[in-house]
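Student: My structure is stored as final_25.cif, with mmCIF, C-alpha atoms and all ligand atoms.
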data_data
loop_
_atom_site.group_PDB
_atom_site.id
_atom_site.type_symbol
_atom_site.label_atom_id
_atom_site.label_comp_id
_atom_site.auth_asym_id
_atom_site.auth_seq_id
_atom_site.Cartn_x
_atom_site.Cartn_y
_atom_site.Cartn_z
ATOM 1 C CA MET T 1 -144.804 82.423 -116.681
ATOM 2 C CA LYS T 2 -142.371 85.319 -116.572
ATOM 3 C CA ILE T 3 -138.986 85.747 -118.197
ATOM 4 C CA GLY T 4 -136.411 88.231 -116.932
ATOM 5 C CA ILE T 5 -134.415 90.255 -119.439
ATOM 6 C CA LEU T 6 -131.193 91.915 -118.356
ATOM 7 C CA ALA T 7 -131.912 95.555 -119.224
ATOM 8 C CA VAL T 8 -128.844 97.517 -118.142
ATOM 9 C CA GLN T 9 -127.438 98.045 -121.650
ATOM 10 C CA GLY T 10 -127.855 96.776 -125.195
ATOM 11 C CA ALA T 11 -130.635 95.167 -127.224
ATOM 12 C CA PHE T 12 -133.058 94.200 -124.453
ATOM 13 C CA ALA T 13 -136.133 95.940 -125.926
ATOM 14 C CA GLU T 14 -135.965 93.737 -129.028
ATOM 15 C CA HIS T 15 -136.135 90.574 -126.903
ATOM 16 C CA ALA T 16 -139.045 92.039 -124.935
ATOM 17 C CA ALA T 17 -140.863 92.669 -128.218
ATOM 18 C CA VAL T 18 -140.383 89.040 -129.317
ATOM 19 C CA LEU T 19 -141.695 87.736 -125.988
ATOM 20 C CA GLY T 20 -144.664 90.081 -126.420
ATOM 21 C CA ARG T 21 -145.410 88.500 -129.807
ATOM 22 C CA LEU T 22 -145.334 85.098 -128.096
ATOM 23 C CA ASP T 23 -147.673 86.363 -125.364
ATOM 24 C CA VAL T 24 -145.109 85.735 -122.668
ATOM 25 C CA ALA T 25 -144.709 88.222 -119.819
ATOM 26 C CA CYS T 26 -141.275 89.644 -119.181
ATOM 27 C CA LYS T 27 -139.555 91.600 -116.472
ATOM 28 C CA GLU T 28 -136.749 93.995 -117.310
ATOM 29 C CA ILE T 29 -133.960 93.496 -114.796
ATOM 30 C CA ARG T 30 -132.250 96.778 -113.895
ATOM 31 C CA GLN T 31 -131.626 96.469 -110.172
ATOM 32 C CA ARG T 32 -131.398 93.871 -107.464
ATOM 33 C CA GLY T 33 -135.032 94.240 -106.384
ATOM 34 C CA ASP T 34 -136.134 93.162 -109.873
ATOM 35 C CA LEU T 35 -134.897 89.665 -109.069
ATOM 36 C CA GLU T 36 -137.210 89.244 -106.113
ATOM 37 C CA GLU T 37 -140.224 87.895 -107.953
ATOM 38 C CA PRO T 38 -139.891 84.360 -109.266
ATOM 39 C CA LEU T 39 -138.650 84.063 -112.837
ATOM 40 C CA ASP T 40 -138.963 81.106 -115.186
ATOM 41 C CA GLY T 41 -136.021 82.095 -117.366
ATOM 42 C CA LEU T 42 -133.510 84.784 -118.138
ATOM 43 C CA ILE T 43 -132.404 86.515 -121.342
ATOM 44 C CA LEU T 44 -128.960 88.105 -121.638
ATOM 45 C CA PRO T 45 -129.097 90.451 -124.654
ATOM 46 C CA GLY T 46 -126.445 91.685 -127.050
ATOM 47 C CA GLY T 47 -124.617 94.919 -126.411
ATOM 48 C CA GLU T 48 -121.163 95.509 -125.025
ATOM 49 C CA SER T 49 -120.032 92.771 -122.667
ATOM 50 C CA THR T 50 -117.420 94.908 -120.877
ATOM 51 C CA VAL T 51 -120.032 97.577 -120.086
ATOM 52 C CA GLN T 52 -122.620 94.988 -119.072
ATOM 53 C CA GLY T 53 -120.078 93.233 -116.846
ATOM 54 C CA LYS T 54 -119.228 96.484 -115.033
ATOM 55 C CA LEU T 55 -122.882 97.448 -114.592
ATOM 56 C CA LEU T 56 -123.795 93.987 -113.309
ATOM 57 C CA ARG T 57 -121.274 94.378 -110.525
ATOM 58 C CA ALA T 58 -122.029 98.038 -109.789
ATOM 59 C CA LEU T 59 -125.761 97.303 -109.494
ATOM 60 C CA GLY T 60 -125.295 94.268 -107.259
ATOM 61 C CA LEU T 61 -126.847 91.994 -109.872
ATOM 62 C CA PHE T 62 -123.811 89.868 -110.564
ATOM 63 C CA GLU T 63 -123.809 87.436 -107.642
ATOM 64 C CA PRO T 64 -127.571 86.779 -107.444
ATOM 65 C CA MET T 65 -127.817 86.275 -111.210
ATOM 66 C CA ARG T 66 -124.830 83.963 -111.275
ATOM 67 C CA GLU T 67 -126.424 81.886 -108.523
ATOM 68 C CA MET T 68 -129.732 81.724 -110.379
ATOM 69 C CA ILE T 69 -127.983 80.527 -113.531
ATOM 70 C CA GLN T 70 -125.891 78.024 -111.672
ATOM 71 C CA SER T 71 -128.932 76.569 -109.959
ATOM 72 C CA GLY T 72 -130.459 75.754 -113.354
ATOM 73 C CA LEU T 73 -132.604 78.737 -114.368
ATOM 74 C CA PRO T 74 -132.856 78.554 -118.183
ATOM 75 C CA VAL T 75 -130.839 81.267 -119.935
ATOM 76 C CA LEU T 76 -130.898 82.484 -123.518
ATOM 77 C CA ALA T 77 -127.830 84.585 -124.232
ATOM 78 C CA THR T 78 -127.167 86.455 -127.454
ATOM 79 C CA CYS T 79 -123.846 87.908 -128.574
ATOM 80 C CA ALA T 80 -122.511 89.943 -125.603
ATOM 81 C CA GLY T 81 -124.629 87.596 -123.454
ATOM 82 C CA MET T 82 -122.650 84.655 -124.841
ATOM 83 C CA ILE T 83 -119.465 86.397 -123.705
ATOM 84 C CA LEU T 84 -120.904 86.866 -120.208
ATOM 85 C CA LEU T 85 -121.519 83.108 -119.933
ATOM 86 C CA ALA T 86 -118.199 81.932 -121.364
ATOM 87 C CA GLY T 87 -115.803 80.193 -119.016
ATOM 88 C CA GLU T 88 -112.936 81.702 -120.973
ATOM 89 C CA ILE T 89 -112.553 84.766 -123.195
ATOM 90 C CA GLU T 90 -109.564 84.694 -125.555
ATOM 91 C CA GLY T 91 -106.833 87.221 -124.851
ATOM 92 C CA GLN T 92 -108.576 88.624 -121.834
ATOM 93 C CA GLY T 93 -108.005 87.878 -118.166
ATOM 94 C CA THR T 94 -111.464 88.939 -117.083
ATOM 95 C CA ARG T 95 -114.455 86.672 -117.257
ATOM 96 C CA TYR T 96 -117.989 87.179 -116.094
ATOM 97 C CA PHE T 97 -120.577 84.560 -115.059
ATOM 98 C CA ALA T 98 -118.346 81.865 -116.555
ATOM 99 C CA THR T 99 -121.079 79.253 -116.202
ATOM 100 C CA MET T 100 -120.515 77.585 -119.600
ATOM 101 C CA PRO T 101 -117.490 75.435 -120.401
ATOM 102 C CA MET T 102 -116.415 77.141 -123.609
ATOM 103 C CA THR T 103 -113.911 79.657 -124.921
ATOM 104 C CA VAL T 104 -115.107 82.597 -127.006
ATOM 105 C CA ARG T 105 -113.299 85.030 -129.265
ATOM 106 C CA ARG T 106 -114.753 88.533 -129.097
ATOM 107 C CA ASN T 107 -115.294 90.526 -132.298
ATOM 108 C CA ALA T 108 -114.197 87.339 -134.027
ATOM 109 C CA TYR T 109 -115.148 88.421 -137.538
ATOM 110 C CA GLY T 110 -112.907 91.481 -137.444
ATOM 111 C CA ARG T 111 -113.808 95.036 -138.251
ATOM 112 C CA GLN T 112 -114.224 94.593 -142.011
ATOM 113 C CA LEU T 113 -116.926 91.988 -141.620
ATOM 114 C CA GLY T 114 -118.528 93.683 -138.645
ATOM 115 C CA SER T 115 -122.113 92.785 -139.497
ATOM 116 C CA PHE T 116 -123.651 90.221 -141.824
ATOM 117 C CA ARG T 117 -126.643 87.996 -142.241
ATOM 118 C CA VAL T 118 -126.808 84.354 -143.316
ATOM 119 C CA GLU T 119 -129.181 81.430 -143.189
ATOM 120 C CA ALA T 120 -127.782 78.323 -141.579
ATOM 121 C CA GLU T 121 -128.822 74.998 -140.104
ATOM 122 C CA PHE T 122 -129.682 75.015 -136.409
ATOM 123 C CA ALA T 123 -129.999 71.746 -134.470
ATOM 124 C CA ASP T 124 -133.524 70.313 -134.840
ATOM 125 C CA ALA T 125 -134.877 73.590 -136.240
ATOM 126 C CA GLY T 126 -133.780 73.546 -139.884
ATOM 127 C CA LYS T 127 -132.451 76.677 -141.556
ATOM 128 C CA ILE T 128 -132.825 79.882 -139.617
ATOM 129 C CA PRO T 129 -131.777 83.458 -140.404
ATOM 130 C CA MET T 130 -128.804 84.669 -138.375
ATOM 131 C CA THR T 131 -127.736 88.289 -138.023
ATOM 132 C CA PHE T 132 -124.226 88.863 -136.707
ATOM 133 C CA ILE T 133 -123.113 92.222 -135.287
ATOM 134 C CA ARG T 134 -119.474 92.435 -134.162
ATOM 135 C CA ALA T 135 -120.124 88.943 -132.970
ATOM 136 C CA PRO T 136 -118.060 86.473 -131.004
ATOM 137 C CA TYR T 137 -117.727 82.825 -131.968
ATOM 138 C CA VAL T 138 -116.777 79.823 -129.912
ATOM 139 C CA THR T 139 -113.255 78.462 -130.313
ATOM 140 C CA ARG T 140 -113.556 75.649 -127.753
ATOM 141 C CA VAL T 141 -116.665 73.711 -126.804
ATOM 142 C CA GLY T 142 -115.957 72.113 -123.436
ATOM 143 C CA GLU T 143 -117.139 68.876 -121.909
ATOM 144 C CA GLY T 144 -120.897 68.530 -121.611
ATOM 145 C CA ALA T 145 -121.557 71.429 -123.981
ATOM 146 C CA LEU T 146 -123.322 70.799 -127.270
ATOM 147 C CA THR T 147 -122.761 72.580 -130.579
ATOM 148 C CA LEU T 148 -126.115 73.685 -132.032
ATOM 149 C CA ALA T 149 -124.970 75.609 -135.110
ATOM 150 C CA LYS T 150 -121.892 76.380 -137.171
ATOM 151 C CA VAL T 151 -121.315 79.044 -139.803
ATOM 152 C CA ASP T 152 -118.258 78.701 -142.075
ATOM 153 C CA GLY T 153 -116.836 76.088 -139.753
ATOM 154 C CA HIS T 154 -117.121 78.289 -136.673
ATOM 155 C CA VAL T 155 -119.353 77.384 -133.743
ATOM 156 C CA VAL T 156 -122.035 80.063 -133.274
ATOM 157 C CA ALA T 157 -124.532 78.339 -130.958
ATOM 158 C CA VAL T 158 -123.918 76.178 -127.898
ATOM 159 C CA ARG T 159 -126.065 74.582 -125.238
ATOM 160 C CA PHE T 160 -124.848 73.531 -121.803
ATOM 161 C CA LYS T 161 -127.512 72.239 -119.411
ATOM 162 C CA ASN T 162 -130.201 74.948 -119.397
ATOM 163 C CA GLN T 163 -128.017 77.624 -120.954
ATOM 164 C CA VAL T 164 -128.205 78.446 -124.655
ATOM 165 C CA ALA T 165 -125.664 80.894 -126.064
ATOM 166 C CA LEU T 166 -125.909 82.360 -129.571
ATOM 167 C CA SER T 167 -123.373 84.510 -131.447
ATOM 168 C CA PHE T 168 -126.173 86.002 -133.523
ATOM 169 C CA HIS T 169 -129.378 87.963 -132.886
ATOM 170 C CA PRO T 170 -132.620 85.998 -133.409
ATOM 171 C CA GLU T 171 -134.523 88.909 -131.824
ATOM 172 C CA LEU T 172 -133.775 90.992 -134.936
ATOM 173 C CA ASP T 173 -134.919 88.548 -137.595
ATOM 174 C CA GLY T 174 -138.653 88.185 -137.062
ATOM 175 C CA ASP T 175 -138.194 84.417 -136.816
ATOM 176 C CA LEU T 176 -139.692 83.400 -133.492
ATOM 177 C CA ARG T 177 -138.583 79.771 -133.422
ATOM 178 C CA LEU T 178 -135.595 80.028 -131.117
ATOM 179 C CA HIS T 179 -137.468 82.170 -128.600
ATOM 180 C CA ARG T 180 -140.397 79.781 -128.769
ATOM 181 C CA ARG T 181 -138.070 76.868 -128.033
ATOM 182 C CA PHE T 182 -136.565 78.786 -125.140
ATOM 183 C CA VAL T 183 -140.004 79.509 -123.685
ATOM 184 C CA SER T 184 -140.813 75.758 -123.822
ATOM 185 C CA MET T 185 -137.564 75.025 -122.042
ATOM 186 C CA CYS T 186 -138.525 77.524 -119.303
ATOM 187 C CA ARG T 187 -141.983 75.953 -118.989
ATOM 188 C CA GLU T 188 -140.535 72.465 -118.652
ATOM 189 C CA ARG T 189 -138.023 73.517 -116.045
ATOM 190 C CA THR T 190 -140.660 75.285 -113.924
ATOM 191 C CA ALA T 191 -142.975 72.253 -114.132
ATOM 192 C CA GLN T 192 -140.112 69.998 -113.114
ATOM 193 C CA ALA T 193 -139.204 72.257 -110.163
ATOM 194 C CA GLU T 194 -142.851 72.225 -109.038
ATOM 195 C CA ARG T 195 -143.000 68.419 -109.200
ATOM 196 C CA GLN T 196 -139.843 68.223 -107.092
ATOM 197 C CA ALA T 197 -141.280 70.626 -104.515
ATOM 198 C CA LEU T 198 -144.338 68.355 -104.105
ATOM 199 C CA ARG T 199 -142.281 65.269 -103.403
HETATM 200 N N1 LIG J 1 -118.739 93.115 -129.624
HETATM 201 C C1 LIG J 1 -119.572 93.010 -128.456
HETATM 202 C C2 LIG J 1 -118.762 92.534 -127.252
HETATM 203 O O1 LIG J 1 -117.643 92.157 -127.404
HETATM 204 C C3 LIG J 1 -120.739 92.078 -128.722
HETATM 205 C C4 LIG J 1 -121.573 92.622 -129.844
HETATM 206 C C5 LIG J 1 -123.047 92.354 -129.714
HETATM 207 O O2 LIG J 1 -123.555 91.982 -128.669
HETATM 208 N N2 LIG J 1 -123.758 92.625 -130.789
HETATM 209 O O3 LIG J 1 -119.245 92.551 -126.172
#
How would this structure read if it were set down as structure tokens?

Tutor:
Amino acid sequence: MKIGILAVQGAFAEHAAVLGRLDVACKEIRQRGDLEEPLDGLILPGGESTVQGKLLRALGLFEPMREMIQSGLPVLATCAGMILLAGEIEGQGTRYFATMPMTVRRNAYGRQLGSFRVEAEFADAGKIPMTFIRAPYVTRVGEGALTLAKVDGHVVAVRFKNQVALSFHPELDGDLRLHRRFVSMCRERTAQAERQALR
């Protein structure tokens, strides 16, 4: 079991620390060669989506990662990671992986309310702490995508197939539940892929 964490910019170390607490091995992805060993899942951390997008292309990571995601590799994306997955980004022509049918608004809470913390209901998990840092939220949840959490009427967590995108930062809150759920999702998907290979 090994989970890749995009480690070109942003809060990747915090995700690695959470996986460590769950006893799950991780691989920091910095260059194309890091994608050669088989991975059971992928984490796209928070940071600055424009910088991450540029680095992904410059490092030759963009196409192989997009293919991995599209072929069903489970992905947990937080904040900037959510922006990388969005099919549409409001007011911006550029998009990145665009593997999730949703529209996001960057820096949606404005500058005044740059960062804040709340507790809110998350689908099948009860109340969880949520830390927002210059976060996006989702203004359109497309067909086949599922809303997992809302804060003040705004969608802050979405699932589409094996991709889970969060506006907030569970890696900063010491609550391991969402990472634990993601690890189970990775385990299930690998087991399923192995069963298919045996057929
Ligand atoms: N504001 C950042 C962006 O637009 C996201 C912030 C974050 O990841 N904490 O990319």

Student: Enumerate residues in contact with ligand LIG 1 (chain J): an atom-to-atom distance of at most 8 Å, counting only C-alpha atoms and all ligand atoms. Format the result as a ChimeraX atom specification.

Tutor: /T:10-11,45-51,78-81,83,106-107,132-136,167-169

Student: Quick one, how far is atom CA of T:Phe62 from atom CA of T:Leu172?

Tutor: 26.4 Å

Student: Report as a list in words the residues that result from applying the PyMOL selection byres (((chain T and resi 1) around 8) and not hetatm) to the structure here.

Tutor: Lys2, Ile3, Val24, Ala25, Leu39, Asp40 and Arg187 of chain T

Student: Return the single residue from T:Glu67, T:Asp23, T:Glu88, T:Asp173 that is closest to T:Val118, with distances computed using only C-alpha atoms.

Tutor: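 So, comparing all the options, the nearest one is T:Asp173.
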
Student: If you count only C-alpha atoms, which residues fall within 7 Å of T:Val18, apart from same-chain ones fewer than 4 positions away, as a count of residues only?

Tutor: 3

Student: Residues of stretch 8-117 of chain T that have any atom at most 12 Å from an atom of stretch 147-154 of chain T: could you tabulate them with the shortest-distance atom pair and the distance in Å to one decimal, using all atoms listed in the file, ordered by chain and increasing number, as JSON lines?

Tutor:
{"residue": "T:Pro101", "atom": "CA", "partner": "T:Thr147", "partner_atom": "CA", "distance": 11.8}
{"residue": "T:Met102", "atom": "CA", "partner": "T:Thr147", "partner_atom": "CA", "distance": 10.5}
{"residue": "T:Val104", "atom": "CA", "partner": "T:His154", "partner_atom": "CA", "distance": 10.8}
{"residue": "T:Arg105", "atom": "CA", "partner": "T:His154", "partner_atom": "CA", "distance": 10.7}
{"residue": "T:Ala108", "atom": "CA", "partner": "T:His154", "partner_atom": "CA", "distance": 9.9}
{"residue": "T:Tyr109", "atom": "CA", "partner": "T:His154", "partner_atom": "CA", "distance": 10.4}
{"residue": "T:Phe116", "atom": "CA", "partner": "T:Val151", "partner_atom": "CA", "distance": 11.6}
{"residue": "T:Arg117", "atom": "CA", "partner": "T:Val151", "partner_atom": "CA", "distance": 10.7}

Student: Kindly output stretch 83-111 of chain T as a short mmCIF file (atom, residue, chain, number, x, y, z; two decimals), in the frame of the given file, after building N, CA and C atoms.

Tutor:
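Ended up saving to selection25.cif:
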data_model
loop_
_atom_site.label_atom_id
_atom_site.label_comp_id
_atom_site.auth_asym_id
_atom_site.auth_seq_id
_atom_site.Cartn_x
_atom_site.Cartn_y
_atom_site.Cartn_z
N ILE T 83 -120.77 86.08 -124.31
CA ILE T 83 -119.46 86.40 -123.70
C ILE T 83 -119.58 86.38 -122.18
N LEU T 84 -120.71 86.87 -121.67
CA LEU T 84 -120.90 86.87 -120.21
C LEU T 84 -120.93 85.45 -119.64
N LEU T 85 -121.40 84.48 -120.43
CA LEU T 85 -121.52 83.11 -119.93
C LEU T 85 -120.24 82.29 -120.12
N ALA T 86 -119.36 82.74 -121.00
CA ALA T 86 -118.20 81.93 -121.36
C ALA T 86 -117.24 81.73 -120.20
N GLY T 87 -116.79 80.51 -120.05
CA GLY T 87 -115.80 80.19 -119.02
C GLY T 87 -114.47 80.86 -119.30
N GLU T 88 -114.22 81.11 -120.58
CA GLU T 88 -112.94 81.70 -120.97
C GLU T 88 -113.14 82.65 -122.15
N ILE T 89 -112.48 83.80 -122.10
CA ILE T 89 -112.55 84.77 -123.20
C ILE T 89 -111.13 84.94 -123.71
N GLU T 90 -110.93 84.66 -125.00
CA GLU T 90 -109.56 84.69 -125.56
C GLU T 90 -108.90 86.05 -125.34
N GLY T 91 -107.64 86.01 -124.94
CA GLY T 91 -106.83 87.22 -124.85
C GLY T 91 -107.27 88.19 -123.77
N GLN T 92 -108.02 87.72 -122.84
CA GLN T 92 -108.58 88.62 -121.83
C GLN T 92 -108.58 87.89 -120.49
N GLY T 93 -108.05 88.52 -119.48
CA GLY T 93 -108.00 87.88 -118.17
C GLY T 93 -109.36 87.82 -117.50
N THR T 94 -110.15 88.85 -117.74
CA THR T 94 -111.46 88.94 -117.08
C THR T 94 -112.43 87.91 -117.64
N ARG T 95 -113.30 87.41 -116.78
CA ARG T 95 -114.46 86.67 -117.26
C ARG T 95 -115.62 87.08 -116.38
N TYR T 96 -116.81 86.69 -116.78
CA TYR T 96 -117.99 87.18 -116.09
C TYR T 96 -118.68 86.02 -115.39
N PHE T 97 -119.91 85.65 -115.77
CA PHE T 97 -120.58 84.56 -115.06
C PHE T 97 -119.78 83.26 -115.18
N ALA T 98 -119.20 83.04 -116.34
CA ALA T 98 -118.35 81.86 -116.56
C ALA T 98 -119.05 80.56 -116.18
N THR T 99 -120.31 80.44 -116.56
CA THR T 99 -121.08 79.25 -116.20
C THR T 99 -121.13 78.23 -117.33
N MET T 100 -120.53 78.55 -118.50
CA MET T 100 -120.52 77.58 -119.60
C MET T 100 -119.09 77.20 -119.94
N PRO T 101 -118.83 75.88 -120.08
CA PRO T 101 -117.49 75.44 -120.40
C PRO T 101 -117.19 75.66 -121.88
N MET T 102 -116.77 76.84 -122.21
CA MET T 102 -116.42 77.14 -123.61
C MET T 102 -115.50 78.36 -123.62
N THR T 103 -114.75 78.48 -124.73
CA THR T 103 -113.91 79.66 -124.92
C THR T 103 -114.49 80.45 -126.08
N VAL T 104 -114.61 81.76 -125.91
CA VAL T 104 -115.11 82.60 -127.01
C VAL T 104 -114.04 83.59 -127.45
N ARG T 105 -114.16 83.98 -128.72
CA ARG T 105 -113.30 85.03 -129.26
C ARG T 105 -114.20 86.23 -129.55
N ARG T 106 -113.94 87.32 -128.89
CA ARG T 106 -114.75 88.53 -129.10
C ARG T 106 -114.45 89.15 -130.45
N ASN T 107 -115.44 89.83 -131.00
CA ASN T 107 -115.29 90.53 -132.30
C ASN T 107 -114.56 89.63 -133.30
N ALA T 108 -114.97 88.38 -133.34
CA ALA T 108 -114.20 87.34 -134.03
C ALA T 108 -114.15 87.54 -135.53
N TYR T 109 -115.10 88.26 -136.09
CA TYR T 109 -115.15 88.42 -137.54
C TYR T 109 -114.38 89.65 -138.01
N GLY T 110 -113.73 90.32 -137.08
CA GLY T 110 -112.91 91.48 -137.44
C GLY T 110 -113.75 92.70 -137.76
N ARG T 111 -113.09 93.78 -138.04
CA ARG T 111 -113.81 95.04 -138.25
C ARG T 111 -114.42 95.11 -139.64
#
